[in-house]
Structure formats: structure tokens, C-alpha cells
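Remarks on the structure that follows.
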Amino acid sequence: MIDIGINFTDKAFGKDLSECISAAHAADVTKMIVTGTNIDSSQRAAQLSESHSDSLFSTVGVHPHHAKDWRPNDYETLKNLAKSDKVIAIGEAGLDFNRNFSPRNQQEAVFQFQIHLAIELNLPLFLHERDAHKRQRMILQEYSNDLPKTVIHCFTGDKTALFNYLDLGCHIGITGWVCDERRGKELQTLVKQIPKDRLMIETDGPYLLPRNIKPKPKSRRNEPKYLFHIANTIAQLRGETTEAFILQTTNNTKQFFSI
Ligand SMILES: [Zn+2]
């Protein structure tokens with residue numbers, strides 16, 4: 001399996017990253033893509049992918065929460081980081097109108113800078129979106145002729161959002177949100193409707209520990225070794241064998257990120 005979204009630059013992994021990677025390998029997670037969320041985290045994500053080159057890749061980008069910190073030379077900084085073979089996507093980039101930690105106009109500007117960068121470098125876009133699907137779709141549509149490959153990571157939207165993103169050609173990343181018996185309900189019905197060649201899986205650790213792990217882990221920290229629980233849940237919902245589902249999503253991921 002490949003975990004397409006793991007926040008290994010988070011302080012939650014400051015002390016035992018190597019152990020987490022070994023535990024992931026023992027749980028059949030062979031590769032992990034470290035998410036860049038701001039300039040500093042992108043630099044560290046790129047470094048990690050270099051220093052653990054047989055296990056890790058990374059994205060580089062600025063999350064909408066950090067759009068307010070964007071400085072004019074950040075475009076060049078991200079572009080330089082993206083020269084590494086281990087950096088395989090731009091993001092996470094997008095809009096988050098749920099918490100609005102950055103003003104909306106700034107989120108939109110920083111999102112568009114990163115779309116330009118992904119187009120310039122012909123790298124996939126690793127997209128975040130929360131409560132902003134209409135606007136995010138409009139912006140993506142403006143670039144639809146030039147857009148590289150796109151994945152909506154940690155998709156948690158409704159049916160309209162899902163089909164609009166699929167129509168735009170997006171891949172869909174599913175996290176342990178789908179394992180949540182309450183707030184994951186809608187997603188549980190939607191995962192059946194995603195074409196099998198558009199699906200990828202991710203933990204988004206340390207966030208979103210799958211709620212159906214038994215026995216319940218002592219720590220609430222989510223990590224790549226739990227990816228199987230997500231794969232297994234989605235496969236059951238889709239009426240597929242877990243083996244076939246894992247094979248399919250792993251192949252999708254290799255193709256999507258050219259790894
Ligand atoms: Zn995100």
C-alpha cells in the first residue's frame with residue numbers, strides 16, 4: 001500500500017519517525033507521501049524524502065490556512081524544492097472556508113499561484129478543500145485546459161462535490177473519515193460511486209485515527225501503519241475484496257504520481 005498523505009513534519013512525529021516508518025513497512029505500507037503544508041514544512045518534507053529515499057516522497061505547497069503568510073519569493077522557493085525527484089506533487093493547496101484562518105481572497109491568490117506552479121512544472125496538484133467546493137471548482141475550471149493531474153485529498157464533501165470533481169478529472173483521496181460511524185455516513189455511501197481507477201487512500205496522520213480499529217490504540221495519533229483499516233473499510237463498502245482494492249489503489253497511485 002501507499003499512503004498518499006502523511007504529515008510526518010508534524011511535531012507528533014518528532015521523536016520516533018524511524019519507528020513509524022518501520023511499523024508502516026511491517027504493516028505492508030511500502031511508500032508514504034509526506035505532505036507539505038507551508039514553506040518550512042515543505043522544506044522539511046522534501047528533506048525527509050531525501051533522507052528516507054526508499055520509503056518517502058513528498059509534496060511541497062502552502063495549505064490555505066497558511067495563505068496569509070505567503071511572501072512573493074515563496075513561488076521560487078517551492079519551485080526550487082520541486083526540482084528534487086523525490087518531490088512529486090504541488091500542495092496541499094486549495095481553499096478552506098470552514099475555518100477561514102486566512103482571508104478568502106488571499107487563499108484564492110495563493111491557490112492560483114500553486115496552480116500556475118504545477119502547470120509550469122507539470123506536476124500533479126495535491127488539493128485540500130473544506131466547505132469551499134463551489135469556488136474551488138470554479139477556479140479549477142478556469143485552468144481546465146492546462147491543468148495537470150489533480151487529487152482532492154481527504155475528500156469529505158457531498159455527492160454534488162464528488163461528481164463535480166470527478167467531472168473535472170480529479171482523483172479522490174479517502175482517509176479514515178470513512179471509518180467514522182457518525183460523521184462518515186455520507187462518505188460511506190459515496191465511496192461506492194467513485195470509479196475504481198480514480199481512488200487513492202491516505203491516513204492524513206496524525207489526524208483522523210480510524211475509529212474502527214480494535215482494540216482501540218492507546219495513542220490517538222494516527223500513522224501509516226493503520227492504512228489497512230481504511231482500505232479494508234472501503235473495500236467492504238464497495239463489495240470488493242481487500243486484496244483487489246489494495247492492488248487497484250496502489251496501481252492508481254503509482255500511475256498518478258509516476259512513482
Ligand atoms: Zn488537507
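Chain lettering (A, B, ...) mirrors the order of the C-alpha cells, residue numbering begins at 1 for each chain separately, and ligand numbering begins at 1 in order of display.
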
Per residue of region 91-185 of chain A within 12 Å of region 215-239 of chain A, which atom pair is closest and at what distance in Å (one decimal), using only C-alpha atoms, listed by chain and increasing number, as CSV?
residue,atom,partner,partner_atom,distance
A:Cys154,CA,A:Ile230,CA,11.9
A:Gly173,CA,A:Ile230,CA,11.1
A:Ile174,CA,A:Ile230,CA,8.1
A:Thr175,CA,A:Ile230,CA,6.6
A:Gly176,CA,A:Ile230,CA,5.5
A:Trp177,CA,A:Ile230,CA,8.6
A:Val178,CA,A:Ile230,CA,7.4
A:Cys179,CA,A:Thr233,CA,6.6
A:Asp180,CA,A:Thr233,CA,10.2
A:Glu181,CA,A:Thr233,CA,11.2
A:Gly184,CA,A:Thr233,CA,11.4
A:Lys185,CA,A:Leu237,CA,11.2

Please produce an output containing N, CA, C and O atoms for each residue in the selection, written as a PDB file, in the first residue's frame.
ATOM      1  N   CYS A 154      -8.220  13.803   1.191  1.00  0.00           N
ATOM      2  CA  CYS A 154      -9.159  13.770   2.328  1.00  0.00           C
ATOM      3  C   CYS A 154     -10.532  14.290   1.930  1.00  0.00           C
ATOM      4  O   CYS A 154     -11.089  15.188   2.557  1.00  0.00           O
ATOM      5  N   GLY A 173      -8.893  11.189  -2.843  1.00  0.00           N
ATOM      6  CA  GLY A 173      -8.178  10.567  -1.725  1.00  0.00           C
ATOM      7  C   GLY A 173      -9.121  10.364  -0.556  1.00  0.00           C
ATOM      8  O   GLY A 173      -9.801  11.308  -0.142  1.00  0.00           O
ATOM      9  N   ILE A 174      -9.163   9.145  -0.032  1.00  0.00           N
ATOM     10  CA  ILE A 174     -10.065   8.836   1.079  1.00  0.00           C
ATOM     11  C   ILE A 174      -9.248   8.491   2.327  1.00  0.00           C
ATOM     12  O   ILE A 174      -8.315   7.679   2.266  1.00  0.00           O
ATOM     13  N   THR A 175      -9.625   9.111   3.447  1.00  0.00           N
ATOM     14  CA  THR A 175      -8.949   8.880   4.733  1.00  0.00           C
ATOM     15  C   THR A 175      -9.860   8.057   5.651  1.00  0.00           C
ATOM     16  O   THR A 175     -10.951   7.643   5.262  1.00  0.00           O
ATOM     17  N   GLY A 176      -9.407   7.935   6.893  1.00  0.00           N
ATOM     18  CA  GLY A 176     -10.179   7.245   7.923  1.00  0.00           C
ATOM     19  C   GLY A 176     -11.484   7.931   8.300  1.00  0.00           C
ATOM     20  O   GLY A 176     -12.248   7.403   9.104  1.00  0.00           O
ATOM     21  N   TRP A 177     -11.743   9.070   7.721  1.00  0.00           N
ATOM     22  CA  TRP A 177     -13.057   9.723   7.877  1.00  0.00           C
ATOM     23  C   TRP A 177     -14.165   8.712   7.551  1.00  0.00           C
ATOM     24  O   TRP A 177     -15.211   8.679   8.183  1.00  0.00           O
ATOM     25  N   VAL A 178     -13.881   7.863   6.573  1.00  0.00           N
ATOM     26  CA  VAL A 178     -14.870   6.884   6.108  1.00  0.00           C
ATOM     27  C   VAL A 178     -15.128   5.805   7.177  1.00  0.00           C
ATOM     28  O   VAL A 178     -16.126   5.099   7.122  1.00  0.00           O
ATOM     29  N   CYS A 179     -14.232   5.687   8.149  1.00  0.00           N
ATOM     30  CA  CYS A 179     -14.392   4.678   9.211  1.00  0.00           C
ATOM     31  C   CYS A 179     -15.204   5.218  10.381  1.00  0.00           C
ATOM     32  O   CYS A 179     -15.426   4.493  11.354  1.00  0.00           O
ATOM     33  N   ASP A 180     -15.614   6.486  10.292  1.00  0.00           N
ATOM     34  CA  ASP A 180     -16.328   7.112  11.407  1.00  0.00           C
ATOM     35  C   ASP A 180     -17.819   6.828  11.266  1.00  0.00           C
ATOM     36  O   ASP A 180     -18.445   7.229  10.280  1.00  0.00           O
ATOM     37  N   GLU A 181     -18.378   6.142  12.273  1.00  0.00           N
ATOM     38  CA  GLU A 181     -19.761   5.672  12.144  1.00  0.00           C
ATOM     39  C   GLU A 181     -20.757   6.835  12.119  1.00  0.00           C
ATOM     40  O   GLU A 181     -21.882   6.670  11.675  1.00  0.00           O
ATOM     41  N   GLY A 184     -18.903  10.004   9.134  1.00  0.00           N
ATOM     42  CA  GLY A 184     -18.500   9.403   7.867  1.00  0.00           C
ATOM     43  C   GLY A 184     -19.643   8.775   7.073  1.00  0.00           C
ATOM     44  O   GLY A 184     -19.423   8.201   6.005  1.00  0.00           O
ATOM     45  N   LYS A 185     -20.857   8.886   7.586  1.00  0.00           N
ATOM     46  CA  LYS A 185     -22.010   8.203   6.970  1.00  0.00           C
ATOM     47  C   LYS A 185     -22.176   8.514   5.482  1.00  0.00           C
ATOM     48  O   LYS A 185     -22.321   7.618   4.656  1.00  0.00           O
TER      49      LYS A 185
END

>> I need the residues in region 102-191 of chain A that are strand (DSSP E) according to DSSP; give them as a list in words.
In response: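 Answer for region 102-191 of chain A, restricted to strand (DSSP E): Leu125, Phe126, Leu127, His128, Glu129, Arg130, Thr150, Val151, Ile152, His171, Ile172, Gly173 and Ile174 of chain A.
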
9 Å from ligand 1 is the threshold here; counting only C-alpha atoms and all ligand atoms, which polymer residues fall inside it? Answer as a PDB file with N, CA and C atoms, in the first residue's frame.
ATOM      1  N   GLY A   5      -0.987  10.620   1.896  1.00  0.00           N
ATOM      2  CA  GLY A   5      -0.973  11.849   2.697  1.00  0.00           C
ATOM      3  C   GLY A   5      -0.631  11.577   4.144  1.00  0.00           C
ATOM      4  N   THR A  35       3.206  15.222   3.351  1.00  0.00           N
ATOM      5  CA  THR A  35       2.507  16.430   2.917  1.00  0.00           C
ATOM      6  C   THR A  35       3.248  17.677   3.372  1.00  0.00           C
ATOM      7  N   THR A  37       2.869  21.618   4.093  1.00  0.00           N
ATOM      8  CA  THR A  37       1.711  22.462   4.417  1.00  0.00           C
ATOM      9  C   THR A  37       2.038  23.955   4.460  1.00  0.00           C
ATOM     10  N   HIS A  63      -0.789  25.239   2.473  1.00  0.00           N
ATOM     11  CA  HIS A  63      -2.171  24.965   2.858  1.00  0.00           C
ATOM     12  C   HIS A  63      -2.930  26.293   2.969  1.00  0.00           C
ATOM     13  N   PRO A  64      -4.231  26.306   2.633  1.00  0.00           N
ATOM     14  CA  PRO A  64      -4.977  27.578   2.721  1.00  0.00           C
ATOM     15  C   PRO A  64      -4.924  28.237   4.099  1.00  0.00           C
ATOM     16  N   GLU A  92      -0.152  20.678   0.006  1.00  0.00           N
ATOM     17  CA  GLU A  92      -1.548  20.786  -0.275  1.00  0.00           C
ATOM     18  C   GLU A  92      -1.923  22.225  -0.521  1.00  0.00           C
ATOM     19  N   ALA A  93      -2.745  22.399  -1.555  1.00  0.00           N
ATOM     20  CA  ALA A  93      -3.174  23.711  -1.992  1.00  0.00           C
ATOM     21  C   ALA A  93      -4.688  23.674  -2.161  1.00  0.00           C
ATOM     22  N   GLY A  94      -5.323  24.813  -1.976  1.00  0.00           N
ATOM     23  CA  GLY A  94      -6.770  24.849  -2.161  1.00  0.00           C
ATOM     24  C   GLY A  94      -7.405  25.895  -1.274  1.00  0.00           C
ATOM     25  N   ASP A  96     -10.080  26.673   2.146  1.00  0.00           N
ATOM     26  CA  ASP A  96     -10.713  26.169   3.363  1.00  0.00           C
ATOM     27  C   ASP A  96     -11.567  27.288   3.938  1.00  0.00           C
ATOM     28  N   PHE A 126      -1.943  18.394  -5.389  1.00  0.00           N
ATOM     29  CA  PHE A 126      -2.488  17.710  -4.221  1.00  0.00           C
ATOM     30  C   PHE A 126      -3.392  18.723  -3.515  1.00  0.00           C
ATOM     31  N   LEU A 127      -4.702  18.519  -3.645  1.00  0.00           N
ATOM     32  CA  LEU A 127      -5.649  19.574  -3.278  1.00  0.00           C
ATOM     33  C   LEU A 127      -6.342  19.319  -1.947  1.00  0.00           C
ATOM     34  N   HIS A 128      -6.500  20.394  -1.203  1.00  0.00           N
ATOM     35  CA  HIS A 128      -7.283  20.391   0.041  1.00  0.00           C
ATOM     36  C   HIS A 128      -8.510  21.253  -0.229  1.00  0.00           C
ATOM     37  N   GLU A 129      -9.646  20.846   0.299  1.00  0.00           N
ATOM     38  CA  GLU A 129     -10.825  21.720   0.215  1.00  0.00           C
ATOM     39  C   GLU A 129     -11.775  21.390   1.350  1.00  0.00           C
ATOM     40  N   ARG A 130     -12.222  22.436   2.018  1.00  0.00           N
ATOM     41  CA  ARG A 130     -13.222  22.243   3.073  1.00  0.00           C
ATOM     42  C   ARG A 130     -14.238  23.376   2.978  1.00  0.00           C
ATOM     43  N   ILE A 152      -8.117  15.360  -5.020  1.00  0.00           N
ATOM     44  CA  ILE A 152      -8.728  16.005  -3.855  1.00  0.00           C
ATOM     45  C   ILE A 152      -8.407  15.116  -2.667  1.00  0.00           C
ATOM     46  N   HIS A 153      -7.470  15.581  -1.831  1.00  0.00           N
ATOM     47  CA  HIS A 153      -7.058  14.738  -0.706  1.00  0.00           C
ATOM     48  C   HIS A 153      -8.067  14.870   0.430  1.00  0.00           C
ATOM     49  N   CYS A 154      -8.220  13.803   1.191  1.00  0.00           N
ATOM     50  CA  CYS A 154      -9.159  13.770   2.328  1.00  0.00           C
ATOM     51  C   CYS A 154     -10.532  14.290   1.930  1.00  0.00           C
ATOM     52  N   PHE A 155     -11.081  13.702   0.872  1.00  0.00           N
ATOM     53  CA  PHE A 155     -12.400  14.146   0.425  1.00  0.00           C
ATOM     54  C   PHE A 155     -13.439  13.841   1.502  1.00  0.00           C
ATOM     55  N   ASP A 204      -3.615  10.694   6.479  1.00  0.00           N
ATOM     56  CA  ASP A 204      -3.619  12.074   6.950  1.00  0.00           C
ATOM     57  C   ASP A 204      -3.180  12.149   8.417  1.00  0.00           C
TER      58      ASP A 204
END

> Using only C-alpha atoms, which residues sit within 9 Å of Gln106 (chain A) once same-chain residues fewer than 2 positions away are excluded, as a list in words?
Replying inline: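 Contacts, with the query itself left out: Pro64, Ala67, Lys68, Trp70, Ser102, Pro103, Arg104, Glu108, Ala109, Val110 and Phe111 of chain A.
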
Mind dumping the selected residues with all heavy atoms as a PDB file, in the first residue's frame?
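Printed below is part.pdb as written:
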ATOM      1  N   PRO A  64      -4.231  26.306   2.633  1.00  0.00           N
ATOM      2  CA  PRO A  64      -4.977  27.578   2.721  1.00  0.00           C
ATOM      3  C   PRO A  64      -4.924  28.237   4.099  1.00  0.00           C
ATOM      4  O   PRO A  64      -4.959  29.475   4.184  1.00  0.00           O
ATOM      5  CB  PRO A  64      -6.419  27.176   2.351  1.00  0.00           C
ATOM      6  CG  PRO A  64      -6.458  25.678   2.313  1.00  0.00           C
ATOM      7  CD  PRO A  64      -5.055  25.233   2.057  1.00  0.00           C
ATOM      8  N   ALA A  67      -2.124  30.655   3.945  1.00  0.00           N
ATOM      9  CA  ALA A  67      -2.063  31.567   2.793  1.00  0.00           C
ATOM     10  C   ALA A  67      -1.698  32.986   3.239  1.00  0.00           C
ATOM     11  O   ALA A  67      -1.030  33.719   2.509  1.00  0.00           O
ATOM     12  CB  ALA A  67      -3.396  31.565   2.049  1.00  0.00           C
ATOM     13  N   LYS A  68      -2.099  33.338   4.444  1.00  0.00           N
ATOM     14  CA  LYS A  68      -1.820  34.708   4.924  1.00  0.00           C
ATOM     15  C   LYS A  68      -0.325  34.976   5.091  1.00  0.00           C
ATOM     16  O   LYS A  68       0.100  36.122   5.124  1.00  0.00           O
ATOM     17  CB  LYS A  68      -2.556  34.988   6.235  1.00  0.00           C
ATOM     18  CG  LYS A  68      -2.213  34.053   7.378  1.00  0.00           C
ATOM     19  CD  LYS A  68      -3.037  34.437   8.613  1.00  0.00           C
ATOM     20  CE  LYS A  68      -2.687  33.598   9.835  1.00  0.00           C
ATOM     21  NZ  LYS A  68      -2.839  32.135   9.627  1.00  0.00           N
ATOM     22  N   TRP A  70       1.992  33.992   2.919  1.00  0.00           N
ATOM     23  CA  TRP A  70       2.668  33.904   1.615  1.00  0.00           C
ATOM     24  C   TRP A  70       3.494  35.149   1.333  1.00  0.00           C
ATOM     25  O   TRP A  70       3.011  36.272   1.482  1.00  0.00           O
ATOM     26  CB  TRP A  70       1.616  33.720   0.520  1.00  0.00           C
ATOM     27  CG  TRP A  70       2.187  33.592  -0.856  1.00  0.00           C
ATOM     28  CD1 TRP A  70       2.459  34.610  -1.728  1.00  0.00           C
ATOM     29  CD2 TRP A  70       2.535  32.378  -1.536  1.00  0.00           C
ATOM     30  NE1 TRP A  70       2.967  34.101  -2.899  1.00  0.00           N
ATOM     31  CE2 TRP A  70       3.024  32.737  -2.813  1.00  0.00           C
ATOM     32  CE3 TRP A  70       2.495  31.020  -1.191  1.00  0.00           C
ATOM     33  CZ2 TRP A  70       3.455  31.791  -3.745  1.00  0.00           C
ATOM     34  CZ3 TRP A  70       2.915  30.090  -2.118  1.00  0.00           C
ATOM     35  CH2 TRP A  70       3.393  30.472  -3.378  1.00  0.00           C
ATOM     36  N   SER A 102      -7.106  32.061   7.022  1.00  0.00           N
ATOM     37  CA  SER A 102      -6.576  33.118   6.167  1.00  0.00           C
ATOM     38  C   SER A 102      -7.757  33.738   5.423  1.00  0.00           C
ATOM     39  O   SER A 102      -8.730  33.054   5.138  1.00  0.00           O
ATOM     40  CB  SER A 102      -5.596  32.552   5.136  1.00  0.00           C
ATOM     41  OG  SER A 102      -4.415  32.095   5.754  1.00  0.00           O
ATOM     42  N   PRO A 103      -7.663  35.061   5.115  1.00  0.00           N
ATOM     43  CA  PRO A 103      -8.749  35.704   4.372  1.00  0.00           C
ATOM     44  C   PRO A 103      -8.992  34.993   3.033  1.00  0.00           C
ATOM     45  O   PRO A 103      -8.048  34.523   2.394  1.00  0.00           O
ATOM     46  CB  PRO A 103      -8.245  37.128   4.141  1.00  0.00           C
ATOM     47  CG  PRO A 103      -7.135  37.334   5.115  1.00  0.00           C
ATOM     48  CD  PRO A 103      -6.559  35.986   5.405  1.00  0.00           C
ATOM     49  N   ARG A 104     -10.245  34.940   2.629  1.00  0.00           N
ATOM     50  CA  ARG A 104     -10.587  34.175   1.426  1.00  0.00           C
ATOM     51  C   ARG A 104      -9.857  34.650   0.175  1.00  0.00           C
ATOM     52  O   ARG A 104      -9.423  33.841  -0.642  1.00  0.00           O
ATOM     53  CB  ARG A 104     -12.099  34.231   1.183  1.00  0.00           C
ATOM     54  CG  ARG A 104     -12.860  33.462   2.239  1.00  0.00           C
ATOM     55  CD  ARG A 104     -14.328  33.389   1.904  1.00  0.00           C
ATOM     56  NE  ARG A 104     -15.009  32.631   2.954  1.00  0.00           N
ATOM     57  CZ  ARG A 104     -16.244  32.173   2.869  1.00  0.00           C
ATOM     58  NH1 ARG A 104     -16.956  32.411   1.783  1.00  0.00           N
ATOM     59  NH2 ARG A 104     -16.778  31.502   3.858  1.00  0.00           N
ATOM     60  N   GLU A 108      -7.431  32.370  -2.206  1.00  0.00           N
ATOM     61  CA  GLU A 108      -7.623  32.176  -3.644  1.00  0.00           C
ATOM     62  C   GLU A 108      -6.367  32.538  -4.426  1.00  0.00           C
ATOM     63  O   GLU A 108      -5.990  31.843  -5.374  1.00  0.00           O
ATOM     64  CB  GLU A 108      -8.824  32.998  -4.132  1.00  0.00           C
ATOM     65  CG  GLU A 108     -10.118  32.486  -3.532  1.00  0.00           C
ATOM     66  CD  GLU A 108     -11.360  33.104  -4.161  1.00  0.00           C
ATOM     67  OE1 GLU A 108     -11.235  33.829  -5.176  1.00  0.00           O
ATOM     68  OE2 GLU A 108     -12.460  32.848  -3.631  1.00  0.00           O
ATOM     69  N   ALA A 109      -5.708  33.616  -4.019  1.00  0.00           N
ATOM     70  CA  ALA A 109      -4.492  34.039  -4.726  1.00  0.00           C
ATOM     71  C   ALA A 109      -3.395  32.979  -4.578  1.00  0.00           C
ATOM     72  O   ALA A 109      -2.750  32.586  -5.559  1.00  0.00           O
ATOM     73  CB  ALA A 109      -4.013  35.381  -4.176  1.00  0.00           C
ATOM     74  N   VAL A 110      -3.204  32.482  -3.358  1.00  0.00           N
ATOM     75  CA  VAL A 110      -2.138  31.507  -3.102  1.00  0.00           C
ATOM     76  C   VAL A 110      -2.457  30.177  -3.786  1.00  0.00           C
ATOM     77  O   VAL A 110      -1.564  29.485  -4.290  1.00  0.00           O
ATOM     78  CB  VAL A 110      -1.915  31.360  -1.580  1.00  0.00           C
ATOM     79  CG1 VAL A 110      -0.993  30.208  -1.256  1.00  0.00           C
ATOM     80  CG2 VAL A 110      -1.354  32.665  -1.016  1.00  0.00           C
ATOM     81  N   PHE A 111      -3.710  29.836  -3.834  1.00  0.00           N
ATOM     82  CA  PHE A 111      -4.142  28.651  -4.571  1.00  0.00           C
ATOM     83  C   PHE A 111      -3.762  28.794  -6.045  1.00  0.00           C
ATOM     84  O   PHE A 111      -3.173  27.882  -6.653  1.00  0.00           O
ATOM     85  CB  PHE A 111      -5.655  28.494  -4.388  1.00  0.00           C
ATOM     86  CG  PHE A 111      -6.269  27.306  -5.074  1.00  0.00           C
ATOM     87  CD1 PHE A 111      -5.538  26.144  -5.310  1.00  0.00           C
ATOM     88  CD2 PHE A 111      -7.610  27.334  -5.467  1.00  0.00           C
ATOM     89  CE1 PHE A 111      -6.125  25.039  -5.933  1.00  0.00           C
ATOM     90  CE2 PHE A 111      -8.186  26.241  -6.080  1.00  0.00           C
ATOM     91  CZ  PHE A 111      -7.447  25.096  -6.327  1.00  0.00           C
TER      92      PHE A 111
END

Using 8 Å as the limit and counting only C-alpha atoms, can you tabulate each residue of region 137-191 of chain A that touches region 119-122 of chain A, with its shortest atom-to-atom distance in Å and the two atoms involved, as a Markdown table?
| residue | atom | partner | partner_atom | distance |
| --- | --- | --- | --- | --- |
| A:Asp146 | CA | A:Ile119 | CA | 6.6 |
| A:Leu147 | CA | A:Ile119 | CA | 6.2 |
| A:Pro148 | CA | A:Asn122 | CA | 6.0 |

>> DSSP on the backbone, alpha helix (DSSP H) only: what residues of region 86-203 of chain A does that give? Format it as JSON, numbers by chain.
In response: {"A": [104, 105, 106, 107, 108, 109, 110, 111, 112, 113, 114, 115, 116, 117, 118, 119, 120, 121, 133, 134, 135, 136, 137, 138, 139, 140, 141, 142, 159, 160, 161, 162, 163, 164, 165, 166, 167, 185, 186, 187, 188, 189, 190]}

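Restricting the calculation to only C-alpha atoms, the smallest distance between Arg182 (chain A) and any of A:Asp69, A:Ile2, A:Leu56, A:Arg211 is found for A:Arg211.
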
> Quick one, how far is CA of Ala132 (chain A) from CA of Arg198 (chain A)?
Replying inline: 21.3 Å

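Our summary of the geometry notes that CA of Leu117 (chain A) is positioned 18.9 Å from CA of His65 (chain A).
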
>> One decimal, in Å: what's the spacing between CA of Gly36 (chain A) and CA of Gln114 (chain A)?
In response: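 Here the two named atoms are 12.5 Å from each other.
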
> Hey, what's within 9 Å of Lys86 (chain A) if we count only C-alpha atoms and toss same-chain stuff fewer than 6 positions away? As a list in words, please?
Replying inline: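 With the cut-off at 9 Å, the set is Ala46, Ser49, Glu50, Ser53, Leu56, Phe57, Ser58 and Thr59 of chain A.
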
>> When you count only C-alpha atoms, which of these residues is closest to Tyr75 (chain A): A:Ile115, A:Leu95, A:Ile194, A:Leu247?
In response: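 Closest residue, counting only C-alpha atoms: A:Ile115.
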
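Proximity of A:Pro210, A:Thr203, A:Lys196, A:Thr150 to Ala89 (chain A), computed with only C-alpha atoms, is greatest for A:Thr150.
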